[in-house]
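Working notes, beginning with the structure itself.
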Number of protein chains: 2
Amino acid sequence: MADSWSGSGIDVHLDWRPETGRPGLADAVRAAVRSGRWPPGAAVPSTRALAADLGVARGTVTRVYADLAAEGYLHTLQGAPTRVATAGALPLSAPGPVPRELAPRWDLRPGRPDLTAFPRADWQAATRKALQRVAAADLGYTAELGAPELRAALAAYLSRSRGVLTDPQRIVVCCGFSHAVALISRVLCERGVTEMAFENPSLPLYREIAAANGQRIRPVDVDAHGLRVSELDSPAVVVTAAHQYPMGVALAPERRAALARWAGETGAVVVEDDYDGEFRFDRRPVGALQALAPEHVVYAGTASKTLAPALRLAWLVLPRALVEPVRAAMAGSGARPPLLDQLALAELISSGAHDRHVRRSRAGYRARRDRLLAALPGTVRPQGISAGLHLLLGLDRPGSPAEAEVLAACRRRAIGIEGLGPCWHGERGPGGVIAGYAAPAGHAFAGATQALVDALWEVTG
Amino acid sequence: MADSWSGSGIDVHLDWRPETGRPGLADAVRAAVRSGRWPPGAAVPSTRALAADLGVARGTVTRVYADLAAEGYLHTLQGAPTRVATAGALPLSAPGPVPRELAPRWDLRPGRPDLTAFPRADWQAATRKALQRVAAADLGYTAELGAPELRAALAAYLSRSRGVLTDPQRIVVCCGFSHAVALISRVLCERGVTEMAFENPSLPLYREIAAANGQRIRPVDVDAHGLRVSELDSPAVVVTAAHQYPMGVALAPERRAALARWAGETGAVVVEDDYDGEFRFDRRPVGALQALAPEHVVYAGTASKTLAPALRLAWLVLPRALVEPVRAAMAGSGARPPLLDQLALAELISSGAHDRHVRRSRAGYRARRDRLLAALPGTVRPQGISAGLHLLLGLDRPGSPAEAEVLAACRRRAIGIEGLGPCWHGERGPGGVIAGYAAPAGHAFAGATQALVDALWEVTG
């Protein structure tokens with residue numbers, strides 16, 4: 001297993017097996033240097049002596065020494081003995097595999113689609129087609145704003161499914177919705193806009209990303225008609241118009257018109273976060289706000305809710321004046337989505353497989369929402385329109401348990417769910433829990449619902 | 001094709017075909033509002049009148065009006081006529097498809113592998129396996145630092161192929177090398193480090209990205225032994241140790257040791273840009289500098305040169321103390337690479353297909369380099385070691401043509417190639433052109449070489 005060598009002033013031990021050959025010998029010397037067993041500055045064994053000791057050809061040792069001198073481990077000087085280099089390396093600590101985050105036993109985390117329903121075969125077929133068709137030249141450095149094929153497919157898709165008014169040239173494909181928020185925040189920053197209004201309550205993550213990219217966050221209240229547009233007093237605002245997150249209300253028609261008018265009059269930028277716009281259950285989805293004011297509204301969509309978050313694909317439809325600034329911010333961020341994924345999504349949309357998947361999902365989520373509503377005890381107040389992937393259970397009725405109590409009871413049952421608390425900016429409003437009914441696998445939905453109902457009864461009983 | 005309606009004070013024309021049904025009618029009304037033909041504030045036709053005019057059921061028009069009121073196009077009030085909303089939308093201009101960037105006829109652009117050799121079948125098989133094996137729960141929001149499978153595969157690969165000293169926990173997977181540079185720049189910025197040294201000359205792109213993320217750029221000269229380490233006086237430096245870009249020299253052993261020692265003594269951060277470390281032709285590749293000082297050197301690698309830039313996959317091996325700051329910067333950037341691509345690369349590496357592809361590529365590029373060298377006229381001076389994807393042709397010999405002349409002659413022949421000029425920071429040093437011999441398809445290599453030789457003869461002849 002190991003050979004040892006002593007002489008020339010240092011006692012060395014090389015952990016080398018002959019069958020690993022020259023590369024293995026080089027590794028053994030590197031290890032000896034790094035561990036300090038061949039200490040910095042010490043003369044190393046002569047090639048003749050080490051070769052004899054190890055029973056290898058002298059040329060082997062000479063090559064290894066030359067390699068390691070080139071790497072800086074050893075120091076050679078004409079006419080002087082080869083020495084260990086004087087720059088030592090710190091030993092590595094705490095190695096080991098990367099820990100994995102586990103999904104909860106009953107997954108009711110909001111904002112997640114049923115990942116067991118991800119259309120693997122369709123995605124596989126779309127990837128295969130993309131790989132077969134892509135020109136070799138396109139596998140180089142990719143277009144900054146996204147693959148032309150996907151931008152064209154998205155323009156058509158967003159127009160017919162969400163009423164977005166666009167052409168491919170104003171669409172930008174991003175590495176997920178968070179990337180889009182970061183880019184917009186930076187673009188606004190560079191234009192001197194350093195305050196963004198967010199709905200209160202809203203998802204904390206995007207507020208955090210905007211803040212990390214130079215924005216002050218101004219909370220604006222949400223009521224039963226959505227964002228209180230009349231209270232806006234910021235040069236930019238992020239709004240979940242079709243289905244407010246987390247309250248679940250839709251922005252009322254008057255407020256949509258008022259918001260578009262306000263943006264036009266003040267020159268403010270409205271970011272329409274259309275995260276789950278495909279999922280309206282009681283009627284045709286309300287079209288995107290963007291179409292009312294395409295030069296003032298940034299429309300933002302994502303594949304995370306219709307397909308899977310792990311795809312990391314999202315898109316912006318931009319006012320014409322923002323296309324070049326966003327391109328520059330994209331270049332500065334250094335991040336662009338990979339080409340093949342973009343081509344696969346374009347193929348999925350063009351082939352109709354995406355629409356079929358969305359239709360199936362919509363029917364499934366609608367049924368889940370109805371079943372969850374029917375099972376809930378009267379101590380919680382389900383809020384919002386019939387849409388999306390989550391249901392806010394308000395805890396503001398007489399006899400409602402406290403949010404922390406419900407969350408603790410859910411944790412005891414290994415239910416993944418979220419409290420309304422962190423969605424408030426600053427002072428907390430009424431309590432609630434946000435149940436993501438889309439998240440569990442089909443076979444686990446009844447169990448997850450029952451576990452939640454049990455948890456609610458426990459803390460009210 | 002179209003119906004028109006007039007009455008109630010406004011003259012309207014709806015571009016509606018009956019076979020498009022209710023969605024088509026809604027689109028027609030939206031178009032009328034957006035175009036201004038149904039002007040803001042005007043009363044719209046009554047449902048009865050419009051239904052009669054179009055020959056459809058009154059309920060159809062009622063539903064369309066309700067939809068458009070919900071979208072904010074129309075404004076309804078109890079007991080009053082429905083009106084067009086007062087927020088108008090600007091018309092979109094200049095629609096059309098996204099223009100495509102074309103590859104040059106003779107592609108000798110540096111930094112590009114032969115994309116016609118991209119192992120499509122291997123990548124397809126790896127993607128299929130990734131899709132078959134991935135747990136549904138993993139398709140949700142992905143681990144910030146990268147997929148555990150890929151981090152483990154990279155740890156093993158980088159250790160054996162590049163002598164990198166690592167464990168999976170200090171590896172971070174990024175959306176391409178540019179993203180990695182942006183992240184490091186931001187992390188340094190947040191730690192109060194706002195000056196980064198770059199080799200002079202060096203690739204302009206990374207200097208630009210560092211500058212966009214808050215760094216002042218300090219150029220440090222390169223000579224025949226690589227970066228002049230003794231001239232370093234910045235808290236951070238980016239170095240292409242194995243194969244300097246664009247000069248093509250390797251960092252001399254003494255300088256490698258001195259750089260590691262300097263970093264250890266001063267606490268400076270060294271970013272080792274190992275962009276083409278897999279491609280050494282005349283000997284085993286010199287191992288990574290990182291192993292000399294893993295707590296001071298950030299090792300950065302990429303799939304762009306071994307596989308394809310369009311994959312947008314790169315990785316950092318970090319000093320332990322930088323893992324958490326880079327994670328935070330990653331979250332702030334909002335960008336992470338998609339899971340399936342990461343799993344596919346992990347599979348490609350683990351299966352041995354990646355190594356086979358690198359070996360094939362290495363042999364091919366070596367032969368190309370030799371053929372290019374043999375064909376070059378004596379008026380240019382090929383520089384650098386036998387390695388990588390590019391060859392710098394120095395234009396500093398007696399009788400050498402000027403860089404601009406060579407570039408112009410190349411343009412006339414539709415050769416894609418780059419000048420050394422933009423690589424200089426500040427004052428320009430000697431002229432040269434950077435020929436990327438890896439870029440052309442195998443069948444086009446001879447033609448590209450001949451075109452380049454013709455261009456060189458033209459401007460010297």
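Here's how to read the names in the structure tokens: chain A, B, ... by the order shown, residue numbers from 1 in each chain, ligand numbers from 1 in the order shown.
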### Task
Looking only at strand (DSSP E) from DSSP on the backbone, list the matching residues of stretch 51-169 of chain A as a PyMOL selection string.
chain A and resi 74-75+83-84+106-107
Write to file, as a PDB file, in the first residue's frame, the residues of the selection just made, with all heavy atoms.
```pdb
ATOM      1  N   LEU A  74       6.951  22.268  -5.920  1.00  0.00           N
ATOM      2  CA  LEU A  74       8.387  22.144  -5.727  1.00  0.00           C
ATOM      3  C   LEU A  74       9.084  23.324  -6.393  1.00  0.00           C
ATOM      4  O   LEU A  74       8.531  23.967  -7.287  1.00  0.00           O
ATOM      5  CB  LEU A  74       8.897  20.813  -6.331  1.00  0.00           C
ATOM      6  CG  LEU A  74       8.213  19.537  -5.818  1.00  0.00           C
ATOM      7  CD1 LEU A  74       8.834  18.309  -6.473  1.00  0.00           C
ATOM      8  CD2 LEU A  74       8.290  19.435  -4.294  1.00  0.00           C
ATOM      9  N   HIS A  75      10.291  23.539  -5.953  1.00  0.00           N
ATOM     10  CA  HIS A  75      11.042  24.684  -6.437  1.00  0.00           C
ATOM     11  C   HIS A  75      12.365  24.161  -6.976  1.00  0.00           C
ATOM     12  O   HIS A  75      13.120  23.520  -6.262  1.00  0.00           O
ATOM     13  CB  HIS A  75      11.279  25.645  -5.272  1.00  0.00           C
ATOM     14  CG  HIS A  75      11.817  26.964  -5.701  1.00  0.00           C
ATOM     15  ND1 HIS A  75      11.067  27.871  -6.412  1.00  0.00           N
ATOM     16  CD2 HIS A  75      13.023  27.530  -5.524  1.00  0.00           C
ATOM     17  CE1 HIS A  75      11.793  28.937  -6.659  1.00  0.00           C
ATOM     18  NE2 HIS A  75      12.985  28.764  -6.133  1.00  0.00           N
ATOM     19  N   ARG A  83      13.643  21.736  -3.940  1.00  0.00           N
ATOM     20  CA  ARG A  83      13.088  21.915  -2.593  1.00  0.00           C
ATOM     21  C   ARG A  83      11.568  22.023  -2.647  1.00  0.00           C
ATOM     22  O   ARG A  83      10.983  22.349  -3.670  1.00  0.00           O
ATOM     23  CB  ARG A  83      13.638  23.206  -1.955  1.00  0.00           C
ATOM     24  CG  ARG A  83      15.124  23.108  -1.642  1.00  0.00           C
ATOM     25  CD  ARG A  83      15.665  24.373  -0.994  1.00  0.00           C
ATOM     26  NE  ARG A  83      17.082  24.180  -0.696  1.00  0.00           N
ATOM     27  CZ  ARG A  83      17.536  23.557   0.401  1.00  0.00           C
ATOM     28  NH1 ARG A  83      16.681  23.097   1.312  1.00  0.00           N
ATOM     29  NH2 ARG A  83      18.836  23.402   0.584  1.00  0.00           N
ATOM     30  N   VAL A  84      10.966  21.782  -1.493  1.00  0.00           N
ATOM     31  CA  VAL A  84       9.526  22.021  -1.370  1.00  0.00           C
ATOM     32  C   VAL A  84       9.312  23.528  -1.392  1.00  0.00           C
ATOM     33  O   VAL A  84      10.061  24.277  -0.764  1.00  0.00           O
ATOM     34  CB  VAL A  84       8.984  21.420  -0.053  1.00  0.00           C
ATOM     35  CG1 VAL A  84       7.491  21.704   0.087  1.00  0.00           C
ATOM     36  CG2 VAL A  84       9.251  19.917  -0.012  1.00  0.00           C
ATOM     37  N   TRP A 106     -46.330  16.079   4.573  1.00  0.00           N
ATOM     38  CA  TRP A 106     -47.534  16.594   3.909  1.00  0.00           C
ATOM     39  C   TRP A 106     -47.194  17.960   3.350  1.00  0.00           C
ATOM     40  O   TRP A 106     -47.038  18.922   4.098  1.00  0.00           O
ATOM     41  CB  TRP A 106     -48.705  16.711   4.904  1.00  0.00           C
ATOM     42  CG  TRP A 106     -49.052  15.411   5.582  1.00  0.00           C
ATOM     43  CD1 TRP A 106     -48.944  15.120   6.898  1.00  0.00           C
ATOM     44  CD2 TRP A 106     -49.588  14.224   4.949  1.00  0.00           C
ATOM     45  NE1 TRP A 106     -49.360  13.837   7.154  1.00  0.00           N
ATOM     46  CE2 TRP A 106     -49.760  13.263   5.978  1.00  0.00           C
ATOM     47  CE3 TRP A 106     -49.917  13.877   3.640  1.00  0.00           C
ATOM     48  CZ2 TRP A 106     -50.257  11.986   5.718  1.00  0.00           C
ATOM     49  CZ3 TRP A 106     -50.404  12.610   3.387  1.00  0.00           C
ATOM     50  CH2 TRP A 106     -50.571  11.676   4.417  1.00  0.00           C
ATOM     51  N   ASP A 107     -47.057  18.029   2.049  1.00  0.00           N
ATOM     52  CA  ASP A 107     -46.542  19.255   1.431  1.00  0.00           C
ATOM     53  C   ASP A 107     -47.692  20.175   1.017  1.00  0.00           C
ATOM     54  O   ASP A 107     -48.367  19.927   0.016  1.00  0.00           O
ATOM     55  CB  ASP A 107     -45.681  18.898   0.218  1.00  0.00           C
ATOM     56  CG  ASP A 107     -44.829  20.089  -0.246  1.00  0.00           C
ATOM     57  OD1 ASP A 107     -45.055  21.209   0.247  1.00  0.00           O
ATOM     58  OD2 ASP A 107     -43.922  19.875  -1.065  1.00  0.00           O
TER      59      ASP A 107
END
```
### Message
Give me, as a PyMOL selection string, the residues of stretch 233-290 of chain B that a backbone DSSP run labels helix (DSSP H, G or I).
### Response
chain B and resi 253-266+289-290
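Distances to A:Thr76 were evaluated for A:Leu372, A:Ala441, A:Ala43, A:Leu154 using only C-alpha atoms, and the minimum falls at A:Ala43.
As for atom CA of B:Ala300 and atom CA of B:Ala180, they are spaced 7.7 Å apart.
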### Message
Can you tell me which residues surround B:Val323 at a distance of at most 12 Å, considering only C-alpha atoms, apart from same-chain residues fewer than 6 positions away, and format the answer as a list in words?
### Response
Glu144, Leu145, Pro168, Gln169, Arg170, Ile171, Val172, Val173, Leu183, Ile184, Val187, Glu295, Val298, Leu316, Val317, Ala329 and Met330 of chain B
Could the residues in this selection be saved with all heavy atoms as a CSV table (one decimal), in the first residue's frame?
```csv
chain,number,residue,atom,x,y,z
B,144,GLU,N,-29.5,26.5,-3.5
B,144,GLU,CA,-28.9,27.7,-4.0
B,144,GLU,C,-27.5,27.5,-4.6
B,144,GLU,O,-27.1,28.1,-5.5
B,144,GLU,CB,-28.8,28.7,-2.9
B,144,GLU,CG,-30.1,29.5,-2.8
B,144,GLU,CD,-30.2,30.4,-1.6
B,144,GLU,OE1,-29.6,30.0,-0.6
B,144,GLU,OE2,-30.7,31.5,-1.7
B,145,LEU,N,-26.7,26.6,-4.0
B,145,LEU,CA,-25.4,26.4,-4.4
B,145,LEU,C,-25.2,25.4,-5.5
B,145,LEU,O,-24.1,25.3,-6.0
B,145,LEU,CB,-24.5,26.0,-3.2
B,145,LEU,CG,-24.5,27.1,-2.1
B,145,LEU,CD1,-23.7,26.6,-0.9
B,145,LEU,CD2,-23.9,28.4,-2.6
B,168,PRO,N,-17.4,18.7,-2.0
B,168,PRO,CA,-18.6,19.3,-2.7
B,168,PRO,C,-19.1,20.5,-2.0
B,168,PRO,O,-19.7,21.4,-2.6
B,168,PRO,CB,-19.6,18.1,-2.6
B,168,PRO,CG,-18.8,16.9,-2.5
B,168,PRO,CD,-17.5,17.3,-1.7
B,169,GLN,N,-18.9,20.6,-0.7
B,169,GLN,CA,-19.5,21.7,0.1
B,169,GLN,C,-19.0,23.1,-0.3
B,169,GLN,O,-19.6,24.1,0.0
B,169,GLN,CB,-19.4,21.5,1.6
B,169,GLN,CG,-20.1,20.2,2.0
B,169,GLN,CD,-20.2,20.2,3.5
B,169,GLN,OE1,-19.9,21.1,4.2
B,169,GLN,NE2,-20.7,19.0,4.0
B,170,ARG,N,-17.8,23.1,-0.9
B,170,ARG,CA,-17.3,24.4,-1.3
B,170,ARG,C,-17.4,24.7,-2.8
B,170,ARG,O,-16.7,25.6,-3.3
B,170,ARG,CB,-15.9,24.6,-0.8
B,170,ARG,CG,-14.9,23.5,-1.1
B,170,ARG,CD,-13.5,23.9,-0.7
B,170,ARG,NE,-13.2,23.9,0.7
B,170,ARG,CZ,-12.3,24.6,1.3
B,170,ARG,NH1,-11.5,25.4,0.6
B,170,ARG,NH2,-12.1,24.5,2.6
B,171,ILE,N,-18.2,23.9,-3.4
B,171,ILE,CA,-18.4,24.1,-4.9
B,171,ILE,C,-19.7,24.8,-5.1
B,171,ILE,O,-20.7,24.5,-4.4
B,171,ILE,CB,-18.4,22.8,-5.6
B,171,ILE,CG1,-16.9,22.2,-5.6
B,171,ILE,CG2,-18.8,22.9,-7.1
B,171,ILE,CD1,-16.8,20.9,-6.3
B,172,VAL,N,-19.8,25.8,-5.9
B,172,VAL,CA,-21.0,26.5,-6.3
B,172,VAL,C,-21.2,26.5,-7.8
B,172,VAL,O,-20.2,26.8,-8.5
B,172,VAL,CB,-20.9,28.0,-5.8
B,172,VAL,CG1,-22.2,28.7,-6.2
B,172,VAL,CG2,-20.7,28.1,-4.3
B,173,VAL,N,-22.3,26.1,-8.2
B,173,VAL,CA,-22.6,26.0,-9.7
B,173,VAL,C,-23.3,27.3,-10.1
B,173,VAL,O,-24.3,27.7,-9.5
B,173,VAL,CB,-23.5,24.8,-10.0
B,173,VAL,CG1,-23.6,24.6,-11.5
B,173,VAL,CG2,-22.9,23.5,-9.4
B,183,LEU,N,-20.7,37.4,-9.4
B,183,LEU,CA,-21.0,37.1,-8.0
B,183,LEU,C,-19.7,37.4,-7.1
B,183,LEU,O,-19.8,38.0,-6.1
B,183,LEU,CB,-21.3,35.6,-7.8
B,183,LEU,CG,-22.6,35.1,-8.4
B,183,LEU,CD1,-22.8,33.6,-8.3
B,183,LEU,CD2,-23.8,35.9,-7.8
B,184,ILE,N,-18.5,37.0,-7.6
B,184,ILE,CA,-17.3,37.3,-6.9
B,184,ILE,C,-17.1,38.8,-6.7
B,184,ILE,O,-16.8,39.3,-5.6
B,184,ILE,CB,-16.1,36.7,-7.6
B,184,ILE,CG1,-16.2,35.1,-7.5
B,184,ILE,CG2,-14.8,37.2,-7.0
B,184,ILE,CD1,-16.0,34.6,-6.1
B,187,VAL,N,-19.5,40.0,-4.0
B,187,VAL,CA,-19.1,39.6,-2.7
B,187,VAL,C,-17.9,40.4,-2.2
B,187,VAL,O,-17.9,40.9,-1.0
B,187,VAL,CB,-18.7,38.1,-2.7
B,187,VAL,CG1,-17.9,37.7,-1.5
B,187,VAL,CG2,-19.9,37.2,-2.8
B,295,GLU,N,-7.5,28.2,0.7
B,295,GLU,CA,-8.3,29.2,1.5
B,295,GLU,C,-8.1,30.6,1.0
B,295,GLU,O,-8.6,31.6,1.5
B,295,GLU,CB,-8.0,29.1,3.0
B,295,GLU,CG,-8.3,27.7,3.6
B,295,GLU,CD,-9.7,27.3,3.4
B,295,GLU,OE1,-10.6,28.2,3.2
B,295,GLU,OE2,-10.0,26.1,3.4
B,298,VAL,N,-9.9,31.3,-5.3
B,298,VAL,CA,-11.2,30.9,-5.8
B,298,VAL,C,-10.9,30.3,-7.2
B,298,VAL,O,-10.4,30.9,-8.1
B,298,VAL,CB,-12.1,32.1,-6.0
B,298,VAL,CG1,-13.4,31.7,-6.7
B,298,VAL,CG2,-12.4,32.8,-4.7
B,316,LEU,N,-17.5,27.4,-9.2
B,316,LEU,CA,-16.5,28.0,-8.4
B,316,LEU,C,-16.1,27.0,-7.3
B,316,LEU,O,-17.0,26.3,-6.8
B,316,LEU,CB,-17.0,29.3,-7.7
B,316,LEU,CG,-17.3,30.5,-8.6
B,316,LEU,CD1,-18.0,31.6,-7.8
B,316,LEU,CD2,-16.0,31.0,-9.2
B,317,VAL,N,-14.9,26.9,-7.0
B,317,VAL,CA,-14.4,26.2,-5.8
B,317,VAL,C,-13.9,27.3,-4.8
B,317,VAL,O,-13.0,28.0,-5.2
B,317,VAL,CB,-13.3,25.2,-6.1
B,317,VAL,CG1,-12.9,24.5,-4.8
B,317,VAL,CG2,-13.8,24.2,-7.1
B,329,ALA,N,-24.9,36.3,-2.3
B,329,ALA,CA,-24.8,37.1,-3.5
B,329,ALA,C,-25.6,36.4,-4.6
B,329,ALA,O,-26.3,37.0,-5.5
B,329,ALA,CB,-23.4,37.2,-4.0
B,330,MET,N,-25.6,35.0,-4.6
B,330,MET,CA,-26.3,34.2,-5.6
B,330,MET,C,-27.8,34.5,-5.4
B,330,MET,O,-28.6,34.7,-6.3
B,330,MET,CB,-26.1,32.8,-5.3
B,330,MET,CG,-26.5,31.8,-6.3
B,330,MET,SD,-25.0,31.3,-7.3
B,330,MET,CE,-25.8,30.0,-8.2
```
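Minimum atom-to-atom distance to A:Ala32, evaluated using only C-alpha atoms, belongs to A:Leu68 out of A:Ala135, A:Leu68, A:Leu420, A:Ala211.
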### Task
For B:Trp123, list every protein, DNA or RNA residue within 8 Å, evaluated using only C-alpha atoms, and leave out those in the same chain fewer than 6 positions away; present the list as an MDAnalysis selection string.
chainID B and resid 344:345 348
### Query
Between atom CA of A:Val271 and atom CA of A:Tyr299, what is the spacing in Å?
6.0 Å
Please build the interface table for stretch 233-336 of chain A against stretch 192-204 of chain A with a cut-off of 9 Å, listing for each qualifying residue the nearest atom pair and the distance in Å to one decimal; count only C-alpha atoms, order rows by chain and increasing number, and write it as a tab-separated table.
```
residue	atom	partner	partner_atom	distance
A:Asp233	CA	A:Ala197	CA	8.0
A:Ser234	CA	A:Ala197	CA	6.0
A:Pro235	CA	A:Val193	CA	6.6
A:Ala236	CA	A:Met196	CA	4.8
A:Val237	CA	A:Ala197	CA	4.4
A:Val238	CA	A:Phe198	CA	5.3
A:Val239	CA	A:Glu199	CA	6.4
A:Thr240	CA	A:Glu199	CA	8.1
A:Gln244	CA	A:Ser202	CA	8.0
A:Tyr245	CA	A:Ser202	CA	5.7
A:Pro246	CA	A:Ser202	CA	6.0
A:Met247	CA	A:Pro201	CA	7.6
```
### All residues 10 Å or closer to A:Gly140, only C-alpha atoms, same chain fewer than 4 positions away omitted, as a PyMOL selection string
(chain A and resi 135-136+339) or (chain B and resi 103+111-115+304-305+307-312+439)
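Going from atom CA of B:Ala455 over to atom CA of B:Val406, you cover 6.7 Å.
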### Message
Set the distance at 9 Å and use only C-alpha atoms: which residues neighbour A:Ser230 once local chain neighbours fewer than 5 positions away are removed? I'd like the list as a list in words.
### Response
Arg255, Ala258, Leu259 and Trp262 of chain A
### Message
Can you tell me which residues surround B:Gln124 at a distance of at most 9 Å, considering only C-alpha atoms, apart from same-chain residues fewer than 3 positions away, and format the answer as a PyMOL selection string?
### Response
(chain A and resi 124+127-128+131) or (chain B and resi 119-121+127-129+344)
Can you spit out the residues from that selection as a PDB file, in the first residue's frame, using N, CA and C atoms?
```pdb
ATOM      1  N   GLN A 124     -39.025  15.559 -22.163  1.00  0.00           N
ATOM      2  CA  GLN A 124     -37.985  14.737 -22.770  1.00  0.00           C
ATOM      3  C   GLN A 124     -38.080  14.811 -24.302  1.00  0.00           C
ATOM      4  N   THR A 127     -36.955  18.233 -25.452  1.00  0.00           N
ATOM      5  CA  THR A 127     -35.497  18.358 -25.381  1.00  0.00           C
ATOM      6  C   THR A 127     -34.838  17.621 -26.539  1.00  0.00           C
ATOM      7  N   ARG A 128     -35.375  16.417 -26.841  1.00  0.00           N
ATOM      8  CA  ARG A 128     -34.804  15.639 -27.934  1.00  0.00           C
ATOM      9  C   ARG A 128     -34.928  16.402 -29.245  1.00  0.00           C
ATOM     10  N   LEU A 131     -32.510  19.277 -29.377  1.00  0.00           N
ATOM     11  CA  LEU A 131     -31.143  18.818 -29.642  1.00  0.00           C
ATOM     12  C   LEU A 131     -30.958  18.396 -31.092  1.00  0.00           C
TER      13      LEU A 131
ATOM     14  N   PRO B 119     -21.285  16.674 -28.053  1.00  0.00           N
ATOM     15  CA  PRO B 119     -21.760  15.283 -27.984  1.00  0.00           C
ATOM     16  C   PRO B 119     -23.269  15.210 -27.758  1.00  0.00           C
ATOM     17  N   ARG B 120     -24.012  15.466 -28.843  1.00  0.00           N
ATOM     18  CA  ARG B 120     -25.475  15.555 -28.705  1.00  0.00           C
ATOM     19  C   ARG B 120     -26.081  14.275 -28.173  1.00  0.00           C
ATOM     20  N   ALA B 121     -25.622  13.144 -28.709  1.00  0.00           N
ATOM     21  CA  ALA B 121     -26.228  11.876 -28.276  1.00  0.00           C
ATOM     22  C   ALA B 121     -25.936  11.634 -26.798  1.00  0.00           C
ATOM     23  N   THR B 127     -29.503  13.646 -20.304  1.00  0.00           N
ATOM     24  CA  THR B 127     -30.737  14.335 -19.952  1.00  0.00           C
ATOM     25  C   THR B 127     -31.856  13.334 -19.681  1.00  0.00           C
ATOM     26  N   ARG B 128     -31.917  12.292 -20.519  1.00  0.00           N
ATOM     27  CA  ARG B 128     -32.958  11.283 -20.324  1.00  0.00           C
ATOM     28  C   ARG B 128     -32.800  10.602 -18.968  1.00  0.00           C
ATOM     29  N   LYS B 129     -31.568  10.252 -18.654  1.00  0.00           N
ATOM     30  CA  LYS B 129     -31.337   9.610 -17.354  1.00  0.00           C
ATOM     31  C   LYS B 129     -31.696  10.561 -16.214  1.00  0.00           C
ATOM     32  N   ALA B 344     -27.728  16.473 -15.751  1.00  0.00           N
ATOM     33  CA  ALA B 344     -27.200  15.903 -16.990  1.00  0.00           C
ATOM     34  C   ALA B 344     -25.674  15.994 -17.011  1.00  0.00           C
TER      35      ALA B 344
END
```
